[in-house]
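Next up, input33.csv (CSV, N, CA and C atoms):
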```csv
chain,number,residue,atom,x,y,z
A,1,MET,N,-69.1,93.7,56.3
A,1,MET,CA,-68.1,93.2,57.2
A,1,MET,C,-67.5,91.9,56.5
A,2,ALA,N,-66.2,91.9,56.4
A,2,ALA,CA,-65.6,90.8,55.7
A,2,ALA,C,-65.5,89.6,56.6
A,3,GLY,N,-65.6,88.4,56.0
A,3,GLY,CA,-65.5,87.2,56.8
A,3,GLY,C,-64.1,86.8,57.0
A,4,THR,N,-63.9,85.6,57.6
A,4,THR,CA,-62.5,85.1,57.8
A,4,THR,C,-62.0,84.6,56.4
A,5,PRO,N,-60.7,84.5,56.3
A,5,PRO,CA,-60.2,83.9,55.0
A,5,PRO,C,-60.8,82.6,54.6
A,6,GLU,N,-61.0,81.8,55.6
A,6,GLU,CA,-61.6,80.5,55.4
A,6,GLU,C,-63.0,80.6,54.8
A,7,SER,N,-63.8,81.5,55.4
A,7,SER,CA,-65.2,81.7,54.9
A,7,SER,C,-65.2,82.4,53.6
A,8,ASP,N,-64.3,83.3,53.3
A,8,ASP,CA,-64.2,83.9,52.0
A,8,ASP,C,-63.8,82.8,51.0
A,9,PHE,N,-63.0,81.9,51.3
A,9,PHE,CA,-62.6,80.8,50.4
A,9,PHE,C,-63.8,80.0,50.1
A,10,LYS,N,-64.5,79.6,51.2
A,10,LYS,CA,-65.7,78.7,51.0
A,10,LYS,C,-66.7,79.4,50.1
A,11,ARG,N,-66.9,80.7,50.3
A,11,ARG,CA,-67.9,81.5,49.5
A,11,ARG,C,-67.5,81.5,48.1
A,12,PHE,N,-66.2,81.8,47.9
A,12,PHE,CA,-65.6,81.8,46.5
A,12,PHE,C,-65.7,80.5,45.8
A,13,HIS,N,-65.4,79.4,46.6
A,13,HIS,CA,-65.4,78.1,46.0
A,13,HIS,C,-66.8,77.7,45.6
A,14,ASN,N,-67.8,78.0,46.5
A,14,ASN,CA,-69.2,77.7,46.2
A,14,ASN,C,-69.7,78.5,45.0
A,15,ALA,N,-69.2,79.7,44.8
A,15,ALA,CA,-69.7,80.5,43.7
A,15,ALA,C,-69.1,80.0,42.4
A,16,PHE,N,-67.9,79.4,42.4
A,16,PHE,CA,-67.2,79.1,41.1
A,16,PHE,C,-66.9,77.6,40.9
A,17,LYS,N,-67.4,76.7,41.8
A,17,LYS,CA,-67.0,75.3,41.7
A,17,LYS,C,-67.5,74.6,40.5
A,18,ASP,N,-68.6,75.2,39.9
A,18,ASP,CA,-69.1,74.6,38.6
A,18,ASP,C,-68.3,75.1,37.4
A,19,ASP,N,-67.6,76.1,37.5
A,19,ASP,CA,-66.8,76.7,36.4
A,19,ASP,C,-65.3,76.4,36.5
A,20,LEU,N,-64.8,76.2,37.7
A,20,LEU,CA,-63.4,76.1,37.9
A,20,LEU,C,-63.0,74.8,38.6
A,21,THR,N,-61.8,74.2,38.2
A,21,THR,CA,-61.3,73.1,39.0
A,21,THR,C,-60.3,73.7,40.0
A,22,PHE,N,-60.4,73.3,41.3
A,22,PHE,CA,-59.6,73.8,42.3
A,22,PHE,C,-58.5,72.8,42.6
A,23,ILE,N,-57.3,73.1,42.4
A,23,ILE,CA,-56.2,72.1,42.7
A,23,ILE,C,-55.5,72.6,43.9
A,24,ASP,N,-55.5,71.8,45.0
A,24,ASP,CA,-54.9,72.1,46.3
A,24,ASP,C,-53.4,71.9,46.1
A,25,ARG,N,-52.6,72.9,46.3
A,25,ARG,CA,-51.2,72.9,46.3
A,25,ARG,C,-50.5,73.0,47.6
A,26,SER,N,-51.1,72.5,48.7
A,26,SER,CA,-50.6,72.5,50.0
A,26,SER,C,-50.4,74.0,50.5
A,27,GLY,N,-51.5,74.6,50.7
A,27,GLY,CA,-51.5,76.0,51.3
A,27,GLY,C,-52.0,77.0,50.3
A,28,PHE,N,-52.1,76.7,49.0
A,28,PHE,CA,-52.7,77.6,48.1
A,28,PHE,C,-53.4,76.7,47.0
A,29,PHE,N,-54.2,77.3,46.2
A,29,PHE,CA,-55.0,76.6,45.2
A,29,PHE,C,-54.7,77.2,43.8
A,30,GLU,N,-54.6,76.3,42.8
A,30,GLU,CA,-54.6,76.7,41.4
A,30,GLU,C,-56.0,76.6,40.9
A,31,LEU,N,-56.4,77.6,40.1
A,31,LEU,CA,-57.7,77.5,39.5
A,31,LEU,C,-57.6,77.4,38.0
A,32,ILE,N,-58.3,76.4,37.5
A,32,ILE,CA,-58.3,76.1,36.1
A,32,ILE,C,-59.7,76.0,35.6
A,33,PRO,N,-60.0,76.6,34.4
A,33,PRO,CA,-61.3,76.4,33.9
A,33,PRO,C,-61.7,75.0,33.7
A,34,LYS,N,-62.9,74.6,34.1
A,34,LYS,CA,-63.4,73.2,34.0
A,34,LYS,C,-63.2,72.7,32.5
A,35,GLY,N,-62.7,71.5,32.4
A,35,GLY,CA,-62.5,70.9,31.1
A,35,GLY,C,-61.1,71.1,30.6
A,36,PHE,N,-60.3,71.9,31.3
A,36,PHE,CA,-58.9,72.2,30.8
A,36,PHE,C,-57.9,71.7,31.9
A,37,SER,N,-56.7,71.3,31.4
A,37,SER,CA,-55.6,70.9,32.3
A,37,SER,C,-54.4,70.9,31.4
A,38,LYS,N,-53.3,70.5,32.1
A,38,LYS,CA,-52.0,70.3,31.3
A,38,LYS,C,-52.2,69.2,30.3
A,39,ALA,N,-53.0,68.2,30.6
A,39,ALA,CA,-53.3,67.1,29.7
A,39,ALA,C,-54.0,67.7,28.4
A,40,THR,N,-54.9,68.5,28.5
A,40,THR,CA,-55.6,69.1,27.3
A,40,THR,C,-54.7,69.9,26.5
A,41,GLY,N,-53.8,70.6,27.2
A,41,GLY,CA,-52.7,71.4,26.5
A,41,GLY,C,-51.8,70.5,25.7
A,42,MET,N,-51.4,69.3,26.3
A,42,MET,CA,-50.6,68.4,25.6
A,42,MET,C,-51.3,67.8,24.4
A,43,LYS,N,-52.6,67.5,24.6
A,43,LYS,CA,-53.3,66.9,23.5
A,43,LYS,C,-53.4,67.9,22.3
A,44,PHE,N,-53.6,69.2,22.7
A,44,PHE,CA,-53.7,70.2,21.6
A,44,PHE,C,-52.4,70.3,20.8
A,45,LEU,N,-51.2,70.3,21.6
A,45,LEU,CA,-49.9,70.4,20.9
A,45,LEU,C,-49.6,69.1,20.1
A,46,GLU,N,-50.0,68.0,20.7
A,46,GLU,CA,-49.9,66.7,20.0
A,46,GLU,C,-50.6,66.7,18.6
A,47,ASN,N,-51.8,67.2,18.6
A,47,ASN,CA,-52.6,67.3,17.4
A,47,ASN,C,-52.0,68.3,16.4
A,48,TYR,N,-51.7,69.5,16.9
A,48,TYR,CA,-51.2,70.6,16.1
A,48,TYR,C,-49.9,70.2,15.4
A,49,PHE,N,-49.0,69.6,16.2
A,49,PHE,CA,-47.7,69.2,15.6
A,49,PHE,C,-47.6,67.8,15.0
A,50,LYS,N,-48.8,67.1,15.1
A,50,LYS,CA,-48.9,65.8,14.5
A,50,LYS,C,-47.9,64.8,15.2
A,51,ILE,N,-47.8,64.9,16.5
A,51,ILE,CA,-46.9,64.1,17.2
A,51,ILE,C,-47.6,62.8,17.6
A,52,PRO,N,-47.1,61.6,17.3
A,52,PRO,CA,-47.8,60.4,17.7
A,52,PRO,C,-47.8,60.3,19.2
A,53,HIS,N,-49.0,59.8,19.7
A,53,HIS,CA,-49.1,59.8,21.2
A,53,HIS,C,-48.0,59.0,21.9
A,54,LYS,N,-47.5,57.9,21.2
A,54,LYS,CA,-46.5,57.1,21.8
A,54,LYS,C,-45.2,57.9,22.1
A,55,ASP,N,-45.1,59.1,21.5
A,55,ASP,CA,-43.9,59.9,21.7
A,55,ASP,C,-44.1,61.1,22.6
A,56,THR,N,-45.2,61.1,23.4
A,56,THR,CA,-45.5,62.1,24.3
A,56,THR,C,-44.8,61.9,25.6
A,57,ILE,N,-44.2,62.9,26.2
A,57,ILE,CA,-43.5,62.8,27.4
A,57,ILE,C,-43.8,64.0,28.3
A,58,ALA,N,-44.1,63.8,29.5
A,58,ALA,CA,-44.5,64.9,30.5
A,58,ALA,C,-43.4,64.9,31.6
A,59,PHE,N,-43.1,66.2,31.9
A,59,PHE,CA,-42.2,66.4,33.1
A,59,PHE,C,-43.0,67.1,34.1
A,60,GLY,N,-42.9,66.7,35.4
A,60,GLY,CA,-43.7,67.5,36.4
A,60,GLY,C,-43.2,67.2,37.8
A,61,ASP,N,-43.7,67.9,38.8
A,61,ASP,CA,-43.2,67.8,40.1
A,61,ASP,C,-44.3,68.1,41.2
A,62,SER,N,-45.6,68.2,40.7
A,62,SER,CA,-46.6,68.7,41.6
A,62,SER,C,-48.0,68.0,41.3
A,63,SER,N,-48.9,68.2,42.2
A,63,SER,CA,-50.2,67.6,42.0
A,63,SER,C,-51.0,68.2,40.8
A,64,ASN,N,-50.6,69.4,40.4
A,64,ASN,CA,-51.2,69.9,39.2
A,64,ASN,C,-50.8,69.2,37.9
A,65,ASP,N,-49.8,68.3,38.0
A,65,ASP,CA,-49.3,67.6,36.9
A,65,ASP,C,-49.9,66.2,36.7
A,66,ILE,N,-50.7,65.8,37.6
A,66,ILE,CA,-51.3,64.5,37.6
A,66,ILE,C,-52.1,64.2,36.3
A,67,PRO,N,-53.0,65.1,35.9
A,67,PRO,CA,-53.7,64.8,34.6
A,67,PRO,C,-52.7,64.6,33.4
A,68,MET,N,-51.7,65.4,33.4
A,68,MET,CA,-50.7,65.3,32.3
A,68,MET,C,-50.0,64.0,32.4
A,69,PHE,N,-49.6,63.6,33.6
A,69,PHE,CA,-48.9,62.3,33.8
A,69,PHE,C,-49.8,61.1,33.4
A,70,GLU,N,-51.1,61.2,33.7
A,70,GLU,CA,-52.0,60.2,33.3
A,70,GLU,C,-52.2,60.1,31.8
A,71,TYR,N,-52.1,61.3,31.1
A,71,TYR,CA,-52.3,61.3,29.7
A,71,TYR,C,-51.1,60.9,28.9
A,72,ALA,N,-49.9,61.4,29.3
A,72,ALA,CA,-48.7,61.2,28.5
A,72,ALA,C,-48.3,59.7,28.4
A,73,GLU,N,-47.6,59.3,27.4
A,73,GLU,CA,-47.1,58.0,27.2
A,73,GLU,C,-46.0,57.7,28.3
A,74,THR,N,-45.1,58.7,28.5
A,74,THR,CA,-44.1,58.7,29.4
A,74,THR,C,-44.2,59.8,30.4
A,75,ALA,N,-44.2,59.6,31.7
A,75,ALA,CA,-44.3,60.6,32.7
A,75,ALA,C,-43.1,60.6,33.6
A,76,ILE,N,-42.4,61.7,33.6
A,76,ILE,CA,-41.1,61.8,34.3
A,76,ILE,C,-41.3,62.8,35.5
A,77,LEU,N,-41.1,62.2,36.7
A,77,LEU,CA,-41.3,63.0,37.9
A,77,LEU,C,-39.9,63.6,38.3
A,78,MET,N,-39.9,64.9,38.6
A,78,MET,CA,-38.7,65.5,39.0
A,78,MET,C,-38.3,65.1,40.4
A,79,GLY,N,-37.0,64.9,40.6
A,79,GLY,CA,-36.5,64.5,41.9
A,79,GLY,C,-36.9,65.6,42.9
A,80,GLY,N,-37.2,65.2,44.2
A,80,GLY,CA,-37.6,66.1,45.2
A,80,GLY,C,-39.1,66.3,45.3
A,81,ALA,N,-39.8,65.7,44.4
A,81,ALA,CA,-41.3,65.9,44.4
A,81,ALA,C,-41.8,65.0,45.5
A,82,LYS,N,-43.1,65.3,45.9
A,82,LYS,CA,-43.7,64.5,47.0
A,82,LYS,C,-43.8,63.0,46.6
A,83,PRO,N,-43.4,62.1,47.5
A,83,PRO,CA,-43.4,60.7,47.2
A,83,PRO,C,-44.8,60.1,46.6
A,84,GLU,N,-45.9,60.7,47.0
A,84,GLU,CA,-47.2,60.2,46.6
A,84,GLU,C,-47.4,60.4,45.1
A,85,LEU,N,-46.6,61.2,44.4
A,85,LEU,CA,-46.7,61.4,43.0
A,85,LEU,C,-46.0,60.3,42.2
A,86,GLN,N,-45.2,59.5,42.9
A,86,GLN,CA,-44.4,58.5,42.2
A,86,GLN,C,-45.3,57.4,41.5
A,87,LYS,N,-46.4,57.2,42.0
A,87,LYS,CA,-47.3,56.2,41.4
A,87,LYS,C,-47.8,56.6,40.0
A,88,TYR,N,-47.7,57.9,39.6
A,88,TYR,CA,-48.1,58.4,38.3
A,88,TYR,C,-46.9,58.4,37.3
A,89,ALA,N,-45.7,58.2,37.8
A,89,ALA,CA,-44.5,58.4,37.0
A,89,ALA,C,-44.0,57.1,36.4
A,90,THR,N,-43.5,57.2,35.2
A,90,THR,CA,-42.8,56.2,34.5
A,90,THR,C,-41.5,56.0,35.2
A,91,PHE,N,-40.8,57.1,35.5
A,91,PHE,CA,-39.6,57.0,36.3
A,91,PHE,C,-39.3,58.4,36.9
A,92,VAL,N,-38.4,58.4,37.9
A,92,VAL,CA,-38.1,59.7,38.6
A,92,VAL,C,-36.7,60.0,38.2
A,93,THR,N,-36.5,61.3,37.8
A,93,THR,CA,-35.2,61.8,37.5
A,93,THR,C,-34.6,62.6,38.7
A,94,THR,N,-33.5,63.2,38.5
A,94,THR,CA,-32.9,64.1,39.5
A,94,THR,C,-33.6,65.4,39.6
A,95,LYS,N,-33.3,66.1,40.7
A,95,LYS,CA,-33.9,67.5,40.9
A,95,LYS,C,-33.6,68.4,39.7
A,96,ILE,N,-34.4,69.4,39.5
A,96,ILE,CA,-34.2,70.4,38.5
A,96,ILE,C,-32.9,71.1,38.6
A,97,THR,N,-32.5,71.3,39.9
A,97,THR,CA,-31.2,72.0,40.1
A,97,THR,C,-30.0,71.0,40.0
A,98,GLU,N,-30.3,69.8,39.7
A,98,GLU,CA,-29.2,68.8,39.4
A,98,GLU,C,-29.4,68.2,38.0
A,99,ASP,N,-29.8,69.1,37.1
A,99,ASP,CA,-29.9,68.8,35.7
A,99,ASP,C,-31.0,67.7,35.4
A,100,GLY,N,-32.1,67.7,36.2
A,100,GLY,CA,-33.1,66.7,36.1
A,100,GLY,C,-33.6,66.5,34.7
A,101,ILE,N,-34.0,67.5,34.0
A,101,ILE,CA,-34.5,67.4,32.6
A,101,ILE,C,-33.5,66.8,31.7
A,102,TYR,N,-32.2,67.4,31.8
A,102,TYR,CA,-31.1,66.9,30.9
A,102,TYR,C,-30.9,65.4,31.2
A,103,ASN,N,-30.9,65.0,32.4
A,103,ASN,CA,-30.6,63.6,32.8
A,103,ASN,C,-31.8,62.7,32.3
A,104,ALA,N,-33.0,63.1,32.4
A,104,ALA,CA,-34.1,62.4,31.9
A,104,ALA,C,-34.1,62.2,30.3
A,105,CYS,N,-33.7,63.3,29.7
A,105,CYS,CA,-33.6,63.3,28.2
A,105,CYS,C,-32.5,62.3,27.8
A,106,LYS,N,-31.4,62.3,28.5
A,106,LYS,CA,-30.3,61.4,28.2
A,106,LYS,C,-30.8,60.0,28.3
A,107,LYS,N,-31.6,59.7,29.3
A,107,LYS,CA,-32.1,58.3,29.5
A,107,LYS,C,-33.2,58.0,28.5
A,108,THR,N,-34.0,58.9,28.1
A,108,THR,CA,-35.1,58.7,27.3
A,108,THR,C,-34.9,58.7,25.8
A,109,TRP,N,-34.2,59.7,25.3
A,109,TRP,CA,-34.0,59.9,23.9
A,109,TRP,C,-32.6,59.6,23.4
A,110,THR,N,-32.6,59.0,22.2
A,110,THR,CA,-31.3,58.8,21.5
A,110,THR,C,-30.9,60.2,21.0
A,111,TYR,N,-31.8,60.9,20.4
A,111,TYR,CA,-31.5,62.2,19.8
A,111,TYR,C,-32.8,63.0,19.7
A,112,ILE,N,-32.7,64.3,19.6
A,112,ILE,CA,-33.8,65.2,19.4
A,112,ILE,C,-33.6,65.9,18.0
A,113,ARG,N,-34.6,65.8,17.2
A,113,ARG,CA,-34.5,66.4,15.9
A,113,ARG,C,-35.4,67.6,15.8
A,114,VAL,N,-34.9,68.7,15.3
A,114,VAL,CA,-35.7,69.9,15.1
A,114,VAL,C,-35.8,70.1,13.5
A,115,PHE,N,-37.1,70.2,13.1
A,115,PHE,CA,-37.3,70.3,11.7
A,115,PHE,C,-37.1,71.7,11.2
A,116,SER,N,-36.9,71.9,9.9
A,116,SER,CA,-36.7,73.3,9.4
A,116,SER,C,-37.9,74.2,9.5
A,117,ASN,N,-39.1,73.6,9.6
A,117,ASN,CA,-40.3,74.5,9.8
A,117,ASN,C,-40.6,74.8,11.2
A,118,ASP,N,-39.6,74.7,12.1
A,118,ASP,CA,-39.8,75.0,13.5
A,118,ASP,C,-40.6,74.0,14.3
A,119,LYS,N,-41.0,72.9,13.7
A,119,LYS,CA,-41.7,71.8,14.5
A,119,LYS,C,-40.6,70.9,15.1
A,120,VAL,N,-40.9,70.5,16.3
A,120,VAL,CA,-40.0,69.7,17.0
A,120,VAL,C,-40.6,68.3,17.2
A,121,CYS,N,-39.8,67.3,17.0
A,121,CYS,CA,-40.2,65.9,17.1
A,121,CYS,C,-39.1,65.2,18.0
A,122,PHE,N,-39.6,64.6,19.0
A,122,PHE,CA,-38.7,63.8,19.9
A,122,PHE,C,-38.7,62.4,19.5
A,123,LEU,N,-37.6,61.8,19.2
A,123,LEU,CA,-37.5,60.5,18.7
A,123,LEU,C,-36.7,59.6,19.6
A,124,LYS,N,-37.2,58.4,19.8
A,124,LYS,CA,-36.5,57.4,20.7
A,124,LYS,C,-35.5,56.7,19.9
```
What is this structure when it is put down as structure tokens?
Amino acid sequence: MAGTPESDFKRFHNAFKDDLTFIDRSGFFELIPKGFSKATGMKFLENYFKIPHKDTIAFGDSSNDIPMFEYAETAILMGGAKPELQKYATFVTTKITEDGIYNACKKTWTYIRVFSNDKVCFLK
């Protein structure tokens, strides 16, 4: 006999809480293997492309972006995000539907240079 959705979640959570990070996204959860986050992904790319940490920039709009915001040198919160995320942001840009990434790039970078070997470096 199946339990209620709440009890099924509790049972699942208890079974995997040592292996997975549960990120509450207001009504649903994201599950990430312990020890990994968007921040660890950024660090991997930073090392792979030899990008100086001072040149790291994160864009985000949700609680799953907090580790990345805490890691990046510059954290850009998309407009329309929950106000409680503003404390993690360097600044807030416009909504994605209002060219938020473009507007943040205009404010942040003088130019973007793409190298011939397909590596990308963002320069201030």
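With only C-alpha atoms as the atoms that count, the minimum distance from Phe69 in chain A to the choices A:Ala15, A:Ile57, A:Ile32, A:Ala81 is reached by A:Ile57.
Those residues positioned at most 7 Å from (-42.9, 59.0, 23.1) are A:Pro52, A:His53, A:Lys54, A:Asp55, A:Thr56, A:Ile57, A:Glu73, A:Thr74, A:Phe122, A:Lys124, judged using all atoms listed in the file.
The shortest atom-to-atom distance to Gly80 in chain A, with only N, CA and C atoms taken into account, belongs to A:Val92 out of A:Ala58, A:Val92, A:Ile51, A:Leu20.
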Backbone-only DSSP, alpha helix (DSSP H) members of chain A, as a ChimeraX atom specification: /A:5-16,38-48,66-71,100-108
Pick from A:Ile23, A:Leu31, A:Leu77, A:Cys105 nearest to Thr93 in chain A, counting only C-alpha atoms: A:Leu77
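Atom pair atom C of Lys106 in chain A / atom N of Gln86 in chain A has a distance of 20.5 Å (rounded to one decimal).
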Option closest in space to Lys87 in chain A, from A:Leu45, A:Ala39, A:Ala75, A:Ile101 [counting only C-alpha atoms]: A:Ala75
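Distance check against Phe22 in chain A using only C-alpha atoms: of A:Phe59, A:Gly79, A:Lys43, A:Asn64, the minimum falls on A:Asn64.
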For CA of Thr21 in chain A and CA of Met42 in chain A, the interatomic separation in Å (one decimal): 17.8 Å
